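Structure, as structure tokens:
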Amino acid sequence: MSYFYCILGPSVLEVFNTLLRHLRVSVSVNTNNKQMLIEEKRFQEAIINTIGEFANNLPDYQKIEIMMFVMGKVPMPSLHDDISESRDVLLQTMLLKTMLKVATKYKTMLMVNAFPVSFLDPLLRMSMASDAVIRLFVQEIFHTLLDRHGNLPKLTSVSRIPKDITDLELTVEKCSRQDVFFMKKTGPQFYGCIYENLQQENNKVDNFEALYCTLALLCVELGGEEVLVELVRVVLAAQHMACTNKDLPITHQCAIHAIVAAYFNLMAQLTAIPSFCQHVSQVVEFRQSEAPYLLPEMAFNRNNTADNYPQTDEVKEKLLFDLDRITEALNSQGHDTSILGTPFTAADFAAAFEICCPGDGVALAGSASIGSVSLSVASSAESTPGLRRKLVQEEITFDSLKKILVEDDEIKKQSQERKRREILESFRTGPFEDIVARSEAKSQLFDNKLSEILNLVSSSGSTEGIANKLDDEQQPVPVFEMQFPDLFVY
């Protein structure tokens with residue numbers, strides 16, 4: 001399939017659009033026939049694998065475009081996202097699996113290229129979905145694109161806290177200037193979404209491990225000085241949230257404390273700050289002797305029962321990581337820790353970067369409702385002498401435009417579905433002779449058109465004569481004779 005290297009953008013998108021259309025139709029199949037459901041699932045997996053193989057033969061920049069294209073097909077979580085809408089959830093899951101398949105074929109060099117704004121924003125919003133499986137797929141997409149040095153397999157599992165991370169053989173390189181700028185611009189979005197994801201009540205062990213892996217990759221791949229301090233701030237906020245949010249189940253509180261412990265252990269050894277490492281080791285030892293349920297070994301054990309957890313959610317002070325000691329350790333190495341004095345609040349980041357909090361659903365932040373936005377059409381011809389302004393007979397609003405688009409789309413879908421059924425029915429029940437006759441008629445029509453074109457070319461002399469004739473017919477019109485639309489006239 002090496003010829004795909006030569007295909008231009010629109011042709012590539014048309015191929016993927018066709019495959020995604022088949023995937024959407026397969027997902028929409030509603031039947032109680034178990035055998036048919038099994039076949040549809042196989043068909044869906046085949047489409048996803050096919051898309052992955054196609055993407056593997058494309059240059060990297062087109063792989064990102066394909067992921068953006070697929071992302072545009074994913075139904076976004078709404079203000080009142082209802083997990084009972086299983087069909088939408090299934091479609092979201094299949095499309096995210098498709099994106100993950102394409103992402104595995106992509107080799108990240110610069111984060112700004114792997115995460116364009118038009119791709120990162122909807123992906124982060126999808127990470128706030130109410131379905132735990134969907135959130136897990138989004139985190140796995142982040143893992144695949146963030147990992148540049150093959151560290152992902154070494155950070156996926158967090159079953160224990162290693163005393164020496166050199167056994168993991170992590171590859172760590174200095175963060176480039178472009179990546180530093182990328183994190184300055186988009187870091188708060190990552191931090192806010194991770195913080196909110198930790199509070200989701202339907203999180204499973206896989207979700208917590210995936211969130212730890214995302215944090216770990218941010219530290220390993222993009223852990224510059226400013227990013228390091230910001231990550232400390234986020235993790236300390238997560239520890240505080242686990243202690244103060246009484247709505248969280250005790251299992252979730254323990255899992256968050258385990259993530260904090262594993263993450264600070266990783267960060268302390270990567271920075272190699274002696275006082276930081278000493279403090280982390282001390283807290284981990286206290287937990288091992290007095291509260292093992294606050295460490296990954298027990299918190300992420302999928303065979304736990306209620307007897308493995310304490311009756312109270314109170315955590316002793318010595319079992320928590322201390323802000324002052326961590327700040328002092330970072331200051332000793334010249335880090336600017338002034339931001340650690342400002343508590344992390346997801347609401348502030350949500351307002352600044354238009355990422356909403358869970359209680360508000362997944363939508364753009366802001367005081368104005370998008371449904372109330374109206375367009376004021378003011379022609380520049382108003383100030384042009386001799387030209388009259390065309391008055392708008394009806395107020396143009398977002399709702400009216402949306403209605404037009406949706407209605408047209410519904411009519412088009414109904415027409416396509418009716419045509420598809422007619423073709424399918426004709427092939428199922430129609431006589432073989434009729435099918436052959438229709439095919440021959442189409443082939444004959446194509447042959448006639450081709451013969452007509454060839455005759456026209458041969459009868460007009462040479463290609464040079466045709467070119468000269470076209471040039472004579474398409475003489476440029478003088479500028480002063482051109483007719484411009486009103487909006488282009490000053």
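Following the order of the structure tokens, first chain is A, next is B, and so on, with residues numbered from 1 inside each chain and ligands from 1 in the order they appear.
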Can you pull out every residue within 12 Å of A:Glu225, counting only C-alpha atoms, but drop anything in the same chain fewer than 5 positions away, and send it as a PyMOL selection string?
-> chain A and resi 174-177+180+183-184+219-220+230-232+267+271+330-331+333-337
Would you put the residues from that selection into a file with N, CA, C and O atoms, as a CSV table (one decimal), in the first residue's frame?
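Result went into result00.csv, see below:
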```
chain,number,residue,atom,x,y,z
A,174,LYS,N,16.1,16.3,28.3
A,174,LYS,CA,15.8,17.6,28.6
A,174,LYS,C,14.6,18.1,27.7
A,174,LYS,O,14.6,17.9,26.5
A,175,CYS,N,13.7,18.8,28.3
A,175,CYS,CA,12.6,19.3,27.6
A,175,CYS,C,13.0,20.4,26.6
A,175,CYS,O,13.7,21.4,27.0
A,176,SER,N,12.5,20.4,25.4
A,176,SER,CA,12.9,21.4,24.4
A,176,SER,C,12.1,22.7,24.6
A,176,SER,O,11.1,22.7,25.4
A,177,ARG,N,12.5,23.8,24.0
A,177,ARG,CA,11.9,25.1,24.2
A,177,ARG,C,10.4,25.0,23.7
A,177,ARG,O,9.5,25.6,24.3
A,180,VAL,N,8.3,23.3,26.2
A,180,VAL,CA,8.1,24.2,27.4
A,180,VAL,C,7.0,25.2,27.1
A,180,VAL,O,6.1,25.5,27.9
A,183,MET,N,3.6,23.5,27.1
A,183,MET,CA,3.0,23.2,28.5
A,183,MET,C,2.6,24.5,29.2
A,183,MET,O,1.6,24.5,29.9
A,184,LYS,N,3.2,25.6,28.9
A,184,LYS,CA,2.8,26.9,29.4
A,184,LYS,C,1.4,27.2,28.9
A,184,LYS,O,0.6,27.8,29.6
A,219,CYS,N,5.6,14.2,33.6
A,219,CYS,CA,6.8,14.4,34.4
A,219,CYS,C,8.0,14.0,33.6
A,219,CYS,O,9.0,14.7,33.6
A,220,VAL,N,8.0,12.8,33.0
A,220,VAL,CA,9.1,12.2,32.4
A,220,VAL,C,9.4,12.9,31.0
A,220,VAL,O,10.6,13.3,30.7
A,230,GLU,N,4.4,22.9,38.9
A,230,GLU,CA,2.9,22.8,38.7
A,230,GLU,C,2.4,21.4,39.0
A,230,GLU,O,1.3,21.3,39.6
A,231,LEU,N,3.1,20.4,38.6
A,231,LEU,CA,2.7,19.0,38.9
A,231,LEU,C,2.7,18.8,40.4
A,231,LEU,O,1.8,18.1,40.9
A,232,VAL,N,3.7,19.3,41.2
A,232,VAL,CA,3.7,19.2,42.6
A,232,VAL,C,2.4,19.8,43.2
A,232,VAL,O,1.7,19.2,44.1
A,267,MET,N,8.8,11.3,41.2
A,267,MET,CA,9.3,12.7,41.0
A,267,MET,C,10.6,12.9,41.8
A,267,MET,O,11.6,13.5,41.4
A,271,THR,N,14.3,13.9,40.2
A,271,THR,CA,14.9,15.2,40.5
A,271,THR,C,16.2,15.0,41.3
A,271,THR,O,17.1,15.8,41.3
A,330,LEU,N,12.5,21.8,47.2
A,330,LEU,CA,12.6,22.4,45.8
A,330,LEU,C,13.4,23.7,45.8
A,330,LEU,O,14.1,24.0,44.9
A,331,ASN,N,13.2,24.5,46.9
A,331,ASN,CA,13.9,25.7,47.0
A,331,ASN,C,15.4,25.5,47.1
A,331,ASN,O,16.2,26.3,46.6
A,333,GLN,N,17.2,23.6,45.5
A,333,GLN,CA,17.7,23.3,44.2
A,333,GLN,C,17.4,24.5,43.2
A,333,GLN,O,17.6,24.4,42.0
A,334,GLY,N,17.0,25.6,43.8
A,334,GLY,CA,16.8,26.8,43.0
A,334,GLY,C,15.4,26.9,42.2
A,334,GLY,O,15.3,27.7,41.3
A,335,HIS,N,14.5,26.0,42.5
A,335,HIS,CA,13.2,26.1,41.9
A,335,HIS,C,12.4,27.2,42.4
A,335,HIS,O,12.4,27.5,43.6
A,336,ASP,N,11.6,27.8,41.5
A,336,ASP,CA,10.7,28.9,41.9
A,336,ASP,C,9.4,28.3,42.4
A,336,ASP,O,8.6,27.8,41.6
A,337,THR,N,9.2,28.3,43.7
A,337,THR,CA,8.0,27.6,44.3
A,337,THR,C,6.9,28.6,44.8
A,337,THR,O,6.1,28.2,45.6
```
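Counting only C-alpha atoms, the residue from A:Gly187, A:His149, A:Glu201, A:Val436 that sits nearest to A:Val229 is A:Gly187.
If you measure from each of A:Val158, A:Leu236, A:Ala437, A:Ile273 to A:Asn301 using only C-alpha atoms, the closest one turns out to be A:Val158.
Separating atom CA of A:His279 from atom CA of A:Ala291 is a distance of 16.8 Å.
Between A:Asp88 and the candidates A:Gln288, A:Ser28, A:Ser118, A:Ser451, the tightest atom-to-atom separation, counting only C-alpha atoms, involves A:Ser28.
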Considering only C-alpha atoms, return as a count of residues only whatever protein or nucleic-acid residues lie within 7 Å of stretch 42-49 of chain A, sequence-local ones (same chain, fewer than 2 positions apart) excluded.
-> 10
Using the chain letters and numbers from this document, which residues of stretch 97-321 of chain A does DSSP assign to alpha helix (DSSP H), as a VMD selection string?
-> chain A and resid 97 to 103 111 to 114 117 to 126 132 to 146 152 to 155 177 to 197 205 to 222 225 to 244 250 to 271 274 to 290 296 to 299
Would you mind reading off the distance between atom CA of A:Ala329 and atom CA of A:Glu221, one decimal, in Å?
-> 22.0 Å
Skipping near chain neighbours, those fewer than 5 positions away, what residues fall within 10 Å of A:Lys73 using only C-alpha atoms, listed as a ChimeraX atom specification?
-> /A:17,20-21,24,67-68,91-92,95-96
For the residues in that selection, give me C-alpha atoms as a CSV table (one decimal), in the first residue's frame.
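part.csv, freshly written:
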```csv
chain,number,residue,atom,x,y,z
A,17,ASN,CA,-15.0,8.9,5.8
A,20,LEU,CA,-16.3,5.5,9.4
A,21,ARG,CA,-19.7,5.6,7.8
A,24,ARG,CA,-21.4,4.1,12.4
A,67,MET,CA,-7.3,11.6,14.3
A,68,MET,CA,-8.7,15.1,14.1
A,91,LEU,CA,-20.3,4.9,19.0
A,92,GLN,CA,-18.0,7.1,21.2
A,95,LEU,CA,-14.5,6.0,17.4
A,96,LEU,CA,-12.0,6.4,20.3
```
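Restricting the calculation to only C-alpha atoms, the smallest distance between A:Thr171 and any of A:Asn151, A:Thr50, A:Gln416, A:Gln239 is found for A:Asn151.
Proximity to A:His257 at 9 Å, evaluated using only C-alpha atoms and with sequence-adjacent residues fewer than 2 positions away removed, yields Ala238, Gln239, Ala242, Cys243, His252, Gln253, Cys254, Ala255, Ile259, Val260, Ala261, Ala262, Tyr293, Leu294, Leu295, Pro296, Ala299 and Leu320 of chain A.
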Keeping only C-alpha atoms, write the selected residues to a file as a PDB file, in the first residue's frame.
```
ATOM      1  CA  ALA A 238      -5.325  15.830  44.915  1.00  0.00           C
ATOM      2  CA  GLN A 239      -4.086  14.753  48.367  1.00  0.00           C
ATOM      3  CA  ALA A 242      -8.915  13.016  49.073  1.00  0.00           C
ATOM      4  CA  CYS A 243      -8.875  14.183  52.692  1.00  0.00           C
ATOM      5  CA  HIS A 252     -11.424   6.098  45.907  1.00  0.00           C
ATOM      6  CA  GLN A 253      -9.816   8.115  48.694  1.00  0.00           C
ATOM      7  CA  CYS A 254      -7.246   5.365  49.252  1.00  0.00           C
ATOM      8  CA  ALA A 255      -6.582   5.086  45.521  1.00  0.00           C
ATOM      9  CA  ILE A 259      -1.351   7.758  43.332  1.00  0.00           C
ATOM     10  CA  VAL A 260       0.113  10.669  45.304  1.00  0.00           C
ATOM     11  CA  ALA A 261       2.614   8.384  47.046  1.00  0.00           C
ATOM     12  CA  ALA A 262       3.717   6.618  43.847  1.00  0.00           C
ATOM     13  CA  TYR A 293      -4.292   0.708  52.257  1.00  0.00           C
ATOM     14  CA  LEU A 294      -2.833   4.124  51.286  1.00  0.00           C
ATOM     15  CA  LEU A 295      -0.234   2.489  49.017  1.00  0.00           C
ATOM     16  CA  PRO A 296      -0.685   0.984  45.529  1.00  0.00           C
ATOM     17  CA  ALA A 299      -5.282   0.327  47.026  1.00  0.00           C
ATOM     18  CA  LEU A 320       0.542  12.787  54.456  1.00  0.00           C
TER      19      LEU A 320
END
```
